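Asks: Just start09.pdb, nothing more (PDB, C-alpha atoms):
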```pdb
MODEL        1
ATOM      1  CA  SER C 166    -208.091 177.649 -93.266
ATOM      2  CA  LEU C 167    -211.318 177.840 -91.306
ATOM      3  CA  CYS C 168    -209.508 177.181 -88.006
ATOM      4  CA  HIS C 169    -207.147 180.118 -88.565
ATOM      5  CA  ILE C 170    -210.028 182.449 -89.397
ATOM      6  CA  LEU C 171    -211.971 181.383 -86.296
ATOM      7  CA  MET C 172    -208.919 181.751 -84.073
ATOM      8  CA  ALA C 173    -208.010 185.172 -85.463
ATOM      9  CA  ARG C 174    -211.508 186.549 -84.915
ATOM     10  CA  SER C 175    -212.114 185.004 -81.534
ATOM     11  CA  ALA C 176    -211.318 186.608 -78.263
ATOM     12  CA  VAL C 177    -209.700 183.402 -77.012
ATOM     13  CA  PRO C 178    -206.283 184.080 -75.477
ATOM     14  CA  ALA C 179    -203.277 182.383 -77.136
ATOM     15  CA  ALA C 180    -202.903 179.888 -74.275
ATOM     16  CA  GLY C 181    -206.495 178.675 -74.741
ATOM     17  CA  ARG C 182    -206.251 178.254 -78.504
ATOM     18  CA  ALA C 183    -204.283 174.959 -78.479
ATOM     19  CA  PRO C 184    -206.999 172.891 -76.728
ATOM     20  CA  LEU C 185    -209.674 174.473 -78.927
ATOM     21  CA  LEU C 186    -207.644 173.759 -82.078
ATOM     22  CA  GLY C 187    -207.125 170.157 -80.909
ATOM     23  CA  ALA C 188    -210.843 169.712 -80.320
ATOM     24  CA  LEU C 189    -211.640 171.070 -83.802
ATOM     25  CA  LEU C 190    -209.076 168.716 -85.334
ATOM     26  CA  VAL C 191    -210.532 165.677 -83.533
ATOM     27  CA  LEU C 192    -214.068 166.621 -84.601
ATOM     28  CA  GLY C 193    -212.917 167.097 -88.203
ATOM     29  CA  LEU C 194    -211.201 163.695 -88.264
ATOM     30  CA  ALA C 195    -214.198 161.990 -86.671
ATOM     31  CA  ALA C 196    -216.519 163.477 -89.287
ATOM     32  CA  THR C 197    -214.353 162.231 -92.176
ATOM     33  CA  ALA C 198    -213.896 158.804 -90.578
ATOM     34  CA  SER C 199    -217.632 158.247 -90.298
ATOM     35  CA  ALA C 200    -218.158 159.417 -93.887
ATOM     36  CA  PHE C 201    -215.575 157.052 -95.414
ATOM     37  CA  TYR C 202    -217.206 154.192 -97.346
ATOM     38  CA  LEU C 203    -216.234 152.276-100.456
ATOM     39  CA  PRO C 204    -219.114 150.842-102.462
ATOM     40  CA  GLY C 205    -219.106 147.057-102.459
ATOM     41  CA  VAL C 206    -216.818 146.802 -99.439
ATOM     42  CA  ALA C 207    -219.421 146.602 -96.700
ATOM     43  CA  PRO C 208    -218.192 144.464 -93.795
ATOM     44  CA  HIS C 209    -219.769 141.053 -93.300
ATOM     45  CA  ASP C 210    -219.544 139.089 -90.047
ATOM     46  CA  TYR C 211    -219.449 135.344 -90.735
ATOM     47  CA  ASN C 212    -220.880 132.763 -88.373
ATOM     48  CA  PRO C 213    -219.051 129.443 -87.892
ATOM     49  CA  GLY C 214    -219.924 127.090 -90.755
ATOM     50  CA  GLU C 215    -221.270 129.878 -92.982
ATOM     51  CA  ASN C 216    -220.377 129.608 -96.671
ATOM     52  CA  MET C 217    -217.755 132.088 -97.909
ATOM     53  CA  ARG C 218    -217.796 133.122-101.572
ATOM     54  CA  VAL C 219    -214.651 132.070-103.398
ATOM     55  CA  LYS C 220    -213.983 133.935-106.619
ATOM     56  CA  VAL C 221    -211.089 133.849-109.018
ATOM     57  CA  GLU C 222    -209.545 136.834-110.712
ATOM     58  CA  ALA C 223    -206.776 135.741-113.062
ATOM     59  CA  LEU C 224    -203.696 133.691-113.770
ATOM     60  CA  THR C 225    -200.650 135.947-113.508
ATOM     61  CA  SER C 226    -196.920 135.489-113.974
ATOM     62  CA  VAL C 227    -193.989 137.706-113.045
ATOM     63  CA  LYS C 228    -192.062 135.925-115.793
ATOM     64  CA  THR C 229    -194.331 136.908-118.711
ATOM     65  CA  GLN C 230    -196.425 139.810-117.310
ATOM     66  CA  LEU C 231    -199.397 138.555-119.390
ATOM     67  CA  PRO C 232    -202.521 137.831-117.338
ATOM     68  CA  TYR C 233    -204.982 135.156-118.472
ATOM     69  CA  GLU C 234    -208.499 134.372-117.387
ATOM     70  CA  TYR C 235    -208.613 131.499-114.897
ATOM     71  CA  TYR C 236    -210.902 129.327-117.003
ATOM     72  CA  ILE C 237    -208.570 129.437-120.012
ATOM     73  CA  LEU C 238    -207.175 126.270-118.408
ATOM     74  CA  PRO C 239    -209.529 123.317-118.054
ATOM     75  CA  PHE C 240    -210.140 123.819-114.319
ATOM     76  CA  CYS C 241    -213.256 122.323-112.770
ATOM     77  CA  HIS C 242    -216.236 124.633-113.280
ATOM     78  CA  GLU C 243    -219.235 122.461-112.417
ATOM     79  CA  GLY C 244    -222.159 124.667-111.428
ATOM     80  CA  VAL C 245    -220.432 127.896-112.545
ATOM     81  CA  ASP C 246    -221.972 130.113-115.213
ATOM     82  CA  LEU C 247    -218.901 131.077-117.253
ATOM     83  CA  LYS C 248    -220.869 133.746-119.125
ATOM     84  CA  ALA C 249    -221.651 135.647-115.921
ATOM     85  CA  GLN C 250    -219.084 137.588-113.987
ATOM     86  CA  ASP C 251    -219.195 139.854-110.976
ATOM     87  CA  ALA C 252    -219.819 143.571-111.353
ATOM     88  CA  LEU C 253    -216.494 145.358-111.337
ATOM     89  CA  ASN C 254    -215.450 148.678-109.868
ATOM     90  CA  LEU C 255    -213.744 151.306-112.031
ATOM     91  CA  GLY C 256    -210.206 150.219-111.097
ATOM     92  CA  GLU C 257    -210.916 146.595-111.999
ATOM     93  CA  VAL C 258    -212.394 147.631-115.348
ATOM     94  CA  LEU C 259    -209.372 149.804-116.170
ATOM     95  CA  ARG C 260    -207.004 146.953-115.219
ATOM     96  CA  GLY C 261    -208.952 144.547-117.423
ATOM     97  CA  SER C 262    -209.935 142.256-114.536
ATOM     98  CA  ARG C 263    -212.401 139.438-114.998
ATOM     99  CA  ILE C 264    -213.763 137.979-111.777
ATOM    100  CA  TYR C 265    -215.643 134.685-111.872
ATOM    101  CA  GLU C 266    -217.318 132.459-109.319
ATOM    102  CA  THR C 267    -215.755 129.089-108.488
ATOM    103  CA  PRO C 268    -217.310 125.801-107.340
ATOM    104  CA  TYR C 269    -215.123 125.740-104.199
ATOM    105  CA  ASP C 270    -216.909 125.462-100.877
ATOM    106  CA  PHE C 271    -215.099 127.269 -98.046
ATOM    107  CA  ARG C 272    -216.791 127.588 -94.694
ATOM    108  CA  MET C 273    -215.881 129.849 -91.795
ATOM    109  CA  LYS C 274    -213.931 128.070 -89.041
ATOM    110  CA  ALA C 275    -214.267 124.680 -90.768
ATOM    111  CA  ASP C 276    -211.011 122.877 -91.547
ATOM    112  CA  GLN C 277    -211.094 120.765 -94.699
ATOM    113  CA  ARG C 278    -208.263 118.802 -96.255
ATOM    114  CA  CYS C 279    -207.987 116.988 -99.571
ATOM    115  CA  LYS C 280    -211.621 117.377-100.558
ATOM    116  CA  ILE C 281    -212.235 116.349-104.192
ATOM    117  CA  LEU C 282    -213.921 119.122-106.142
ATOM    118  CA  CYS C 283    -214.640 117.128-109.304
ATOM    119  CA  ARG C 284    -213.136 114.446-111.490
ATOM    120  CA  GLY C 285    -212.340 114.762-115.162
ATOM    121  CA  SER C 286    -209.955 113.814-117.878
ATOM    122  CA  TYR C 287    -207.752 116.074-119.987
ATOM    123  CA  ASP C 288    -206.944 115.870-123.655
ATOM    124  CA  LYS C 289    -203.438 116.467-124.993
ATOM    125  CA  GLU C 290    -204.200 120.155-125.631
ATOM    126  CA  GLY C 291    -205.372 120.708-122.022
ATOM    127  CA  ILE C 292    -202.302 118.970-120.606
ATOM    128  CA  GLN C 293    -200.003 121.067-122.786
ATOM    129  CA  ALA C 294    -201.786 124.240-121.650
ATOM    130  CA  PHE C 295    -201.187 123.307-118.000
ATOM    131  CA  ALA C 296    -197.540 122.443-118.743
ATOM    132  CA  LEU C 297    -196.965 125.774-120.478
ATOM    133  CA  MET C 298    -198.524 127.746-117.603
ATOM    134  CA  ILE C 299    -196.375 125.850-115.107
ATOM    135  CA  GLU C 300    -193.210 126.497-117.145
ATOM    136  CA  GLU C 301    -194.105 130.203-117.300
ATOM    137  CA  GLU C 302    -194.627 130.277-113.482
ATOM    138  CA  TYR C 303    -198.272 131.314-113.538
ATOM    139  CA  ARG C 304    -200.114 131.774-110.253
ATOM    140  CA  VAL C 305    -203.843 131.416-109.485
ATOM    141  CA  ASN C 306    -205.346 134.496-107.827
ATOM    142  CA  PHE C 307    -208.347 133.618-105.688
ATOM    143  CA  LEU C 308    -210.477 136.110-103.786
ATOM    144  CA  LEU C 309    -212.012 134.984-100.506
ATOM    145  CA  ASP C 310    -214.568 137.470 -99.157
ATOM    146  CA  ASN C 311    -213.158 139.954-101.725
ATOM    147  CA  LEU C 312    -209.663 139.681-100.222
ATOM    148  CA  PRO C 313    -206.749 138.150-102.141
ATOM    149  CA  VAL C 314    -205.617 134.680-101.102
ATOM    150  CA  ALA C 315    -201.903 134.461-100.316
ATOM    151  CA  MET C 316    -199.355 131.749 -99.524
ATOM    152  CA  PRO C 317    -196.882 132.069 -96.668
ATOM    153  CA  MET C 318    -193.245 132.098 -97.779
ATOM    154  CA  PHE C 319    -190.337 131.551 -95.409
ATOM    155  CA  ALA C 320    -186.789 132.781 -95.977
ATOM    156  CA  GLU C 321    -183.752 132.280 -93.788
ATOM    157  CA  GLY C 322    -181.526 135.313 -93.371
ATOM    158  CA  ASP C 323    -177.746 135.403 -93.119
ATOM    159  CA  ASN C 324    -177.978 135.515 -89.327
ATOM    160  CA  GLY C 325    -180.147 132.365 -89.218
ATOM    161  CA  ASP C 326    -183.434 134.157 -88.484
ATOM    162  CA  THR C 327    -186.470 132.979 -90.422
ATOM    163  CA  THR C 328    -188.642 135.656 -91.991
ATOM    164  CA  LYS C 329    -192.250 135.040 -92.960
ATOM    165  CA  ALA C 330    -193.755 136.906 -95.918
ATOM    166  CA  TYR C 331    -196.777 136.358 -98.133
ATOM    167  CA  ASP C 332    -196.938 135.760-101.868
ATOM    168  CA  LEU C 333    -200.234 136.525-103.632
ATOM    169  CA  GLY C 334    -201.974 133.523-105.143
ATOM    170  CA  TYR C 335    -200.575 130.032-105.462
ATOM    171  CA  PRO C 336    -198.660 128.371-108.305
ATOM    172  CA  VAL C 337    -200.541 126.434-110.987
ATOM    173  CA  GLY C 338    -197.806 123.827-110.479
ATOM    174  CA  PHE C 339    -194.050 123.513-110.226
ATOM    175  CA  VAL C 340    -191.139 121.995-112.110
ATOM    176  CA  ASP C 341    -189.513 118.894-110.614
ATOM    177  CA  ASP C 342    -186.392 117.474-112.297
ATOM    178  CA  GLY C 343    -187.160 119.424-115.472
ATOM    179  CA  SER C 344    -190.747 118.152-115.846
ATOM    180  CA  PRO C 345    -193.837 120.225-114.976
ATOM    181  CA  VAL C 346    -195.900 118.888-112.068
ATOM    182  CA  THR C 347    -199.395 120.114-111.261
ATOM    183  CA  GLY C 348    -199.961 121.495-107.800
ATOM    184  CA  ASP C 349    -203.054 119.350-107.320
ATOM    185  CA  ASN C 350    -202.060 115.768-108.001
ATOM    186  CA  ASP C 351    -198.253 115.472-108.391
ATOM    187  CA  LYS C 352    -198.586 113.926-111.864
ATOM    188  CA  LYS C 353    -195.846 114.799-114.301
ATOM    189  CA  LEU C 354    -196.979 116.475-117.497
ATOM    190  CA  PRO C 355    -195.331 116.345-120.902
ATOM    191  CA  PRO C 356    -193.139 119.331-121.792
ATOM    192  CA  PRO C 357    -194.968 122.222-123.448
ATOM    193  CA  PRO C 358    -194.788 122.586-127.219
ATOM    194  CA  GLY C 359    -191.529 124.213-128.296
ATOM    195  CA  ALA C 360    -189.777 123.410-124.982
ATOM    196  CA  LYS C 361    -186.153 122.391-125.171
TER     197      LYS C 361
ENDMDL
END
```
In structure tokens, write the structure found in this file.
Replies:
Amino acid sequence: SLCHILMARSAVPAAGRAPLLGALLVLGLAATASAFYLPGVAPHDYNPGENMRVKVEALTSVKTQLPYEYYILPFCHEGVDLKAQDALNLGEVLRGSRIYETPYDFRMKADQRCKILCRGSYDKEGIQAFALMIEEEYRVNFLLDNLPVAMPMFAEGDNGDTTKAYDLGYPVGFVDDGSPVTGDNDKKLPPPPGAK
């Protein structure tokens, strides 16, 4: 390495080489740290009340391993151009990701609860699609400021301690007493086609 060559040719005594080697190492690390940058990941400082972009990546399930685009279900998309999607990096292209805008309005340091996004009605086909996705344990994967949204999960250990972990995304809905229930409005849906 360059450090070994410099040390071998220098007239620095062995005792003085350690601090010099340390200084070279620190300078080398500092140079690489300042040169590290990922395109599209520039930091952004948000002011209170500033709008944060909410995007959606996919519906995923550990049960089926088949990802679907978010808007395959009849989710609200008022004001969203479904033909346009964000530019993807190489990894996202290779994974087959499709990232779309959403009509959600999240603001920095602004608590909001139970805000209605839009109202609509579903036909039988749309309801069955939701029911099937709930039965197959699909999760919605949002991106907030290009970071994945996660849900806290709590588990109690054998010794009584509670452990907090995070699960990526949130469920499309859940099953209650054998019937699918949407996560948004607690209305029971009919069983999916072919369900027993």
Asks: For the structure provided, state which residues fall under the PyMOL selection byres ((chain C and resi 302) around 7), and present them as a list of chain:residue names.
Replies: C:Ser226, C:Lys228, C:Met298, C:Ile299, C:Glu300, C:Glu301, C:Tyr303, C:Arg304, C:Pro336
Asks: Need to verify the contact set: range 260-266 of chain C, 10 Å, all atoms listed in the file, exclusion of same-chain residues closer than 6 positions in sequence. Can you return it as a PyMOL selection string?
Replies: chain C and resi 218-223+232-236+242+244-254+306-308
Asks: With distances taken over only C-alpha atoms, which of C:Ala320, C:Met217, C:Ile292, C:Leu224 is nearest to Gly334 in chain C?
Replies: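 The closest residue to Gly334 in chain C is C:Leu224.
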Asks: Please provide as a PDB file with C-alpha atoms, in the coordinates of the input all residues within 6 Å of Ala315 in chain C, with the sequence filter that same-chain residues fewer than 2 positions apart are discarded (counting only C-alpha atoms).
Replies:
```
ATOM      1  CA  TYR C 331    -196.777 136.358 -98.133  1.00  0.00           C
ATOM      2  CA  ASP C 332    -196.938 135.760-101.868  1.00  0.00           C
ATOM      3  CA  LEU C 333    -200.234 136.525-103.632  1.00  0.00           C
ATOM      4  CA  GLY C 334    -201.974 133.523-105.143  1.00  0.00           C
TER       5      GLY C 334
END
```
Asks: So which residues touch Gly291 in chain C within 10 Å, counting all atoms listed in the file, skipping near sequence neighbours fewer than 4 positions away, as an NGL selection string?
Replies: :C and (237-240 or 286-287 or 295-297)
Asks: Quick one: pull the distance between CA of Pro213 in chain C and CA of Met273 in chain C, Å, one decimal.
Replies: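 Atom-to-atom, CA of Pro213 in chain C to CA of Met273 in chain C, that is 5.0 Å.
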Asks: Evaluate the PyMOL selection byres ((chain C and resi 211) around 12) on the structure here and hand back the selected residues as a ChimeraX atom specification.
Replies: /C:208-210,212-218,271-275,310
Asks: Just how far from CA of Asp341 in chain C is CA of Arg284 in chain C, in Å to one decimal?
Replies: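 Straight-line distance from CA of Arg284 in chain C to CA of Asp341 in chain C works out to 24.1 Å.
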Asks: One number please: CA of Gly256 in chain C to CA of Leu231 in chain C, in Å, one decimal.
Replies: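 It comes out at 17.9 Å.
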Asks: Can you tell me which residues surround Cys283 in chain C at a distance of at most 9 Å, considering all atoms listed in the file, apart from same-chain residues fewer than 2 positions away, and format the answer as JSON, numbers by chain?
Replies: {"C": [241, 242, 243, 281, 285]}
Asks: Go through C:Met318, C:Leu255, C:Val340, C:Leu309 and flag the residue nearest Asp270 in chain C, using all atoms listed in the file for the distances.
Replies: C:Leu309
